[in-house]
>>> print(open('query.json').read())   # JSON, C-alpha atoms
[["chain", "number", "residue", "atom", "x", "y", "z"],
["A", 1, "MET", "CA", 32.18, -4.98, -72.75],
["A", 2, "GLY", "CA", 33.51, -4.16, -76.22],
["A", 3, "ARG", "CA", 32.34, -1.70, -78.78],
["A", 4, "GLY", "CA", 29.75, -2.66, -81.34],
["A", 5, "LYS", "CA", 30.85, -3.46, -84.87],
["A", 6, "ILE", "CA", 30.59, -0.73, -87.46],
["A", 7, "GLU", "CA", 29.79, -1.10, -91.12],
["A", 8, "ILE", "CA", 33.01, -0.79, -93.11],
["A", 9, "LYS", "CA", 32.30, 1.64, -95.93],
["A", 10, "ARG", "CA", 33.76, 4.85, -97.29],
["A", 11, "ILE", "CA", 33.18, 7.89, -95.11],
["A", 12, "GLU", "CA", 31.66, 10.53, -97.36],
["A", 13, "ASN", "CA", 32.47, 13.62, -95.28],
["A", 14, "PRO", "CA", 36.12, 14.52, -96.09],
["A", 15, "THR", "CA", 36.77, 16.03, -92.67],
["A", 16, "ASN", "CA", 35.40, 13.01, -90.81],
["A", 17, "ARG", "CA", 37.26, 10.70, -93.19],
["A", 18, "GLN", "CA", 40.59, 12.44, -92.51],
["A", 19, "VAL", "CA", 40.04, 12.43, -88.74],
["A", 20, "THR", "CA", 39.16, 8.72, -88.77],
["A", 21, "TYR", "CA", 42.17, 7.95, -90.95],
["A", 22, "SER", "CA", 44.54, 9.86, -88.66],
["A", 23, "LYS", "CA", 43.19, 8.25, -85.50],
["A", 24, "ARG", "CA", 43.22, 4.71, -86.89],
["A", 25, "ARG", "CA", 46.66, 5.17, -88.42],
["A", 26, "SER", "CA", 48.14, 6.36, -85.15],
["A", 27, "GLY", "CA", 46.43, 3.46, -83.36],
["A", 28, "ILE", "CA", 47.91, 0.98, -85.82],
["A", 29, "PHE", "CA", 51.38, 2.46, -85.41],
["A", 30, "LYS", "CA", 51.00, 2.29, -81.62],
["A", 31, "LYS", "CA", 50.00, -1.38, -81.79],
["A", 32, "ALA", "CA", 52.86, -2.15, -84.18],
["A", 33, "LYS", "CA", 55.34, -0.48, -81.85],
["A", 34, "GLU", "CA", 53.99, -2.50, -78.91],
["A", 35, "LEU", "CA", 54.28, -5.69, -80.98],
["A", 36, "THR", "CA", 57.92, -4.96, -81.83],
["A", 37, "ILE", "CA", 58.70, -4.48, -78.15],
["A", 38, "LEU", "CA", 56.84, -7.61, -77.06],
["A", 39, "CYS", "CA", 58.30, -9.84, -79.77],
["A", 40, "ASP", "CA", 61.71, -8.17, -80.10],
["A", 41, "ALA", "CA", 61.04, -7.63, -83.79],
["A", 42, "GLN", "CA", 63.70, -5.10, -84.69],
["A", 43, "THR", "CA", 62.90, -5.03, -88.40],
["A", 44, "LEU", "CA", 59.33, -3.80, -87.86],
["A", 45, "GLN", "CA", 60.55, -1.13, -85.50],
["A", 46, "GLU", "CA", 63.04, 0.03, -88.13],
["A", 47, "GLU", "CA", 60.26, 0.14, -90.71],
["A", 48, "LEU", "CA", 58.21, 2.37, -88.40],
["A", 49, "LYS", "CA", 61.16, 4.74, -88.06],
["A", 50, "LYS", "CA", 61.62, 4.83, -91.83],
["A", 51, "GLN", "CA", 57.91, 5.48, -92.34],
["A", 52, "LYS", "CA", 58.05, 8.40, -89.90],
["A", 53, "GLN", "CA", 61.07, 9.81, -91.72],
["A", 54, "ILE", "CA", 59.32, 9.51, -95.08],
["A", 55, "ASN", "CA", 56.22, 11.20, -93.71],
["A", 56, "SER", "CA", 58.21, 14.08, -92.25],
["A", 57, "ARG", "CA", 60.12, 14.49, -95.54],
["A", 58, "LEU", "CA", 56.88, 14.52, -97.53],
["A", 59, "LYS", "CA", 55.36, 17.14, -95.23],
["A", 60, "LYS", "CA", 58.51, 19.23, -95.55],
["A", 61, "GLU", "CA", 58.41, 18.88, -99.35],
["A", 62, "ILE", "CA", 54.77, 19.96, -99.42],
["A", 63, "ARG", "CA", 55.60, 23.10, -97.48],
["A", 64, "GLN", "CA", 58.68, 23.84, -99.57],
["A", 65, "ARG", "CA", 56.90, 23.31, -102.89],
["A", 66, "THR", "CA", 53.92, 25.42, -102.04],
["A", 67, "GLY", "CA", 55.32, 27.86, -99.51],
["A", 68, "GLN", "CA", 52.10, 27.24, -97.63],
["A", 69, "ASP", "CA", 51.15, 25.29, -94.55],
["A", 70, "ASP", "CA", 47.54, 24.76, -95.61],
["A", 71, "LEU", "CA", 46.66, 22.46, -98.52],
["A", 72, "ASN", "CA", 43.22, 24.06, -98.77],
["A", 73, "GLU", "CA", 44.79, 27.07, -100.45],
["A", 74, "LEU", "CA", 46.34, 25.06, -103.31],
["A", 75, "THR", "CA", 44.93, 25.13, -106.82],
["A", 76, "PHE", "CA", 43.57, 22.00, -108.45],
["A", 77, "GLU", "CA", 46.63, 21.72, -110.70],
["A", 78, "GLU", "CA", 49.00, 22.06, -107.73],
["A", 79, "LEU", "CA", 47.11, 19.34, -105.87],
["A", 80, "ARG", "CA", 47.25, 17.06, -108.93],
["A", 81, "SER", "CA", 51.00, 17.62, -109.23],
["A", 82, "LEU", "CA", 51.48, 16.94, -105.54],
["A", 83, "GLU", "CA", 49.37, 13.79, -105.80],
["A", 84, "ALA", "CA", 51.47, 12.55, -108.72],
["A", 85, "ASN", "CA", 54.67, 13.13, -106.74],
["A", 86, "LEU", "CA", 53.27, 11.34, -103.70],
["A", 87, "LEU", "CA", 52.12, 8.37, -105.80],
["A", 88, "SER", "CA", 55.52, 8.02, -107.43],
["A", 89, "SER", "CA", 57.18, 8.22, -104.01],
["A", 90, "VAL", "CA", 54.88, 5.51, -102.67],
["A", 91, "GLU", "CA", 55.69, 3.33, -105.67],
["A", 92, "ILE", "CA", 59.43, 3.75, -105.01],
["A", 93, "VAL", "CA", 58.94, 2.76, -101.37],
["A", 94, "ARG", "CA", 56.91, -0.29, -102.39],
["A", 95, "LEU", "CA", 59.56, -1.39, -104.86],
["A", 96, "ARG", "CA", 62.29, -1.03, -102.24],
["A", 97, "LYS", "CA", 60.21, -3.02, -99.78],
["A", 98, "VAL", "CA", 59.68, -5.85, -102.31],
["A", 99, "MET", "CA", 63.43, -5.96, -103.02],
["A", 100, "TRP", "CA", 64.22, -6.56, -99.33]]
>>> encode(input="query.json", output="structure tokens")
Amino acid sequence: MGRGKIEIKRIENPTNRQVTYSKRRSGIFKKAKELTILCDAQTLQEELKKQKQINSRLKKEIRQRTGQDDLNELTFEELRSLEANLLSSVEIVRLRKVMW
């Protein structure tokens, strides 16, 4: 017996939203990894590795820029700057992906 369907809408509570995002994201990556193994799709597996590298680099950059491990302690301006950097990084990744 499967789970019941949920209404797909924005989760208002930021903590719950982040937890749901993290859990679903890890589930998606797990399924993608299984798919690459089942279908011998090397390119998807390489993309997963690249995504993990990008994520670890971004986390490292966040810590280096702020000198802090907790984003809750950042000022609004610092968060805006960080957001701008992340958005530009995402745009670069998307452009590289389109070029492939």
>>> atom_distance(input="query.json", atom1="CA of Phe29 in chain A", atom2="CA of Lys49 in chain A")
10.4 Å
>>> closest_residue(input="query.json", among="A:Lys5, A:Gln51, A:Leu82, A:Ser88", to="Gln64 in chain A", atoms="all atoms listed in the file")
A:Leu82
>>> closest_residue(input="query.json", among="A:Glu34, A:Glu47, A:Glu77, A:Glu61", to="Ser89 in chain A", atoms="all atoms listed in the file")
A:Glu61
>>> atom_distance(input="query.json", atom1="CA of Lys52 in chain A", atom2="CA of Leu35 in chain A")
17.1 Å
>>> atom_distance(input="query.json", atom1="CA of Gln18 in chain A", atom2="CA of Val90 in chain A")
18.9 Å
>>> build_atoms(input="query.json", residues="range 5-24 of chain A", atoms="N, CA and C atoms", output="compact mmCIF listing (two decimals), in the frame of the given file")
# COMPACT_ATOMS: atom_id res chain seq x y z
N LYS A 5 30.21 -3.48 -83.56
CA LYS A 5 30.85 -3.46 -84.87
C LYS A 5 30.23 -2.35 -85.71
N ILE A 6 31.07 -1.76 -86.55
CA ILE A 6 30.59 -0.73 -87.46
C ILE A 6 30.61 -1.28 -88.87
N GLU A 7 29.79 -0.70 -89.72
CA GLU A 7 29.79 -1.10 -91.12
C GLU A 7 31.00 -0.46 -91.79
N ILE A 8 31.80 -1.28 -92.44
CA ILE A 8 33.01 -0.79 -93.11
C ILE A 8 32.62 -0.30 -94.49
N LYS A 9 32.60 1.02 -94.64
CA LYS A 9 32.30 1.64 -95.93
C LYS A 9 32.99 2.99 -95.95
N ARG A 10 33.09 3.57 -97.11
CA ARG A 10 33.76 4.85 -97.29
C ARG A 10 33.01 5.94 -96.53
N ILE A 11 33.76 6.75 -95.81
CA ILE A 11 33.18 7.89 -95.11
C ILE A 11 33.08 9.04 -96.10
N GLU A 12 31.89 9.52 -96.32
CA GLU A 12 31.66 10.53 -97.36
C GLU A 12 32.18 11.91 -96.98
N ASN A 13 32.02 12.29 -95.73
CA ASN A 13 32.47 13.62 -95.28
C ASN A 13 33.99 13.65 -95.24
N PRO A 14 34.65 14.52 -96.03
CA PRO A 14 36.12 14.52 -96.09
C PRO A 14 36.78 14.83 -94.75
N THR A 15 36.18 15.70 -93.97
CA THR A 15 36.77 16.03 -92.67
C THR A 15 36.71 14.83 -91.74
N ASN A 16 35.55 14.20 -91.65
CA ASN A 16 35.40 13.01 -90.81
C ASN A 16 36.30 11.88 -91.29
N ARG A 17 36.41 11.75 -92.62
CA ARG A 17 37.26 10.70 -93.19
C ARG A 17 38.72 10.91 -92.79
N GLN A 18 39.20 12.15 -92.87
CA GLN A 18 40.59 12.44 -92.51
C GLN A 18 40.84 12.22 -91.02
N VAL A 19 39.90 12.63 -90.18
CA VAL A 19 40.04 12.43 -88.74
C VAL A 19 40.09 10.95 -88.41
N THR A 20 39.18 10.17 -89.01
CA THR A 20 39.16 8.72 -88.77
C THR A 20 40.46 8.09 -89.24
N TYR A 21 40.92 8.49 -90.42
CA TYR A 21 42.17 7.95 -90.95
C TYR A 21 43.33 8.24 -90.00
N SER A 22 43.44 9.48 -89.55
CA SER A 22 44.54 9.86 -88.66
C SER A 22 44.50 9.07 -87.35
N LYS A 23 43.32 8.97 -86.77
CA LYS A 23 43.19 8.25 -85.50
C LYS A 23 43.52 6.76 -85.66
N ARG A 24 42.96 6.14 -86.69
CA ARG A 24 43.22 4.71 -86.89
C ARG A 24 44.67 4.45 -87.24
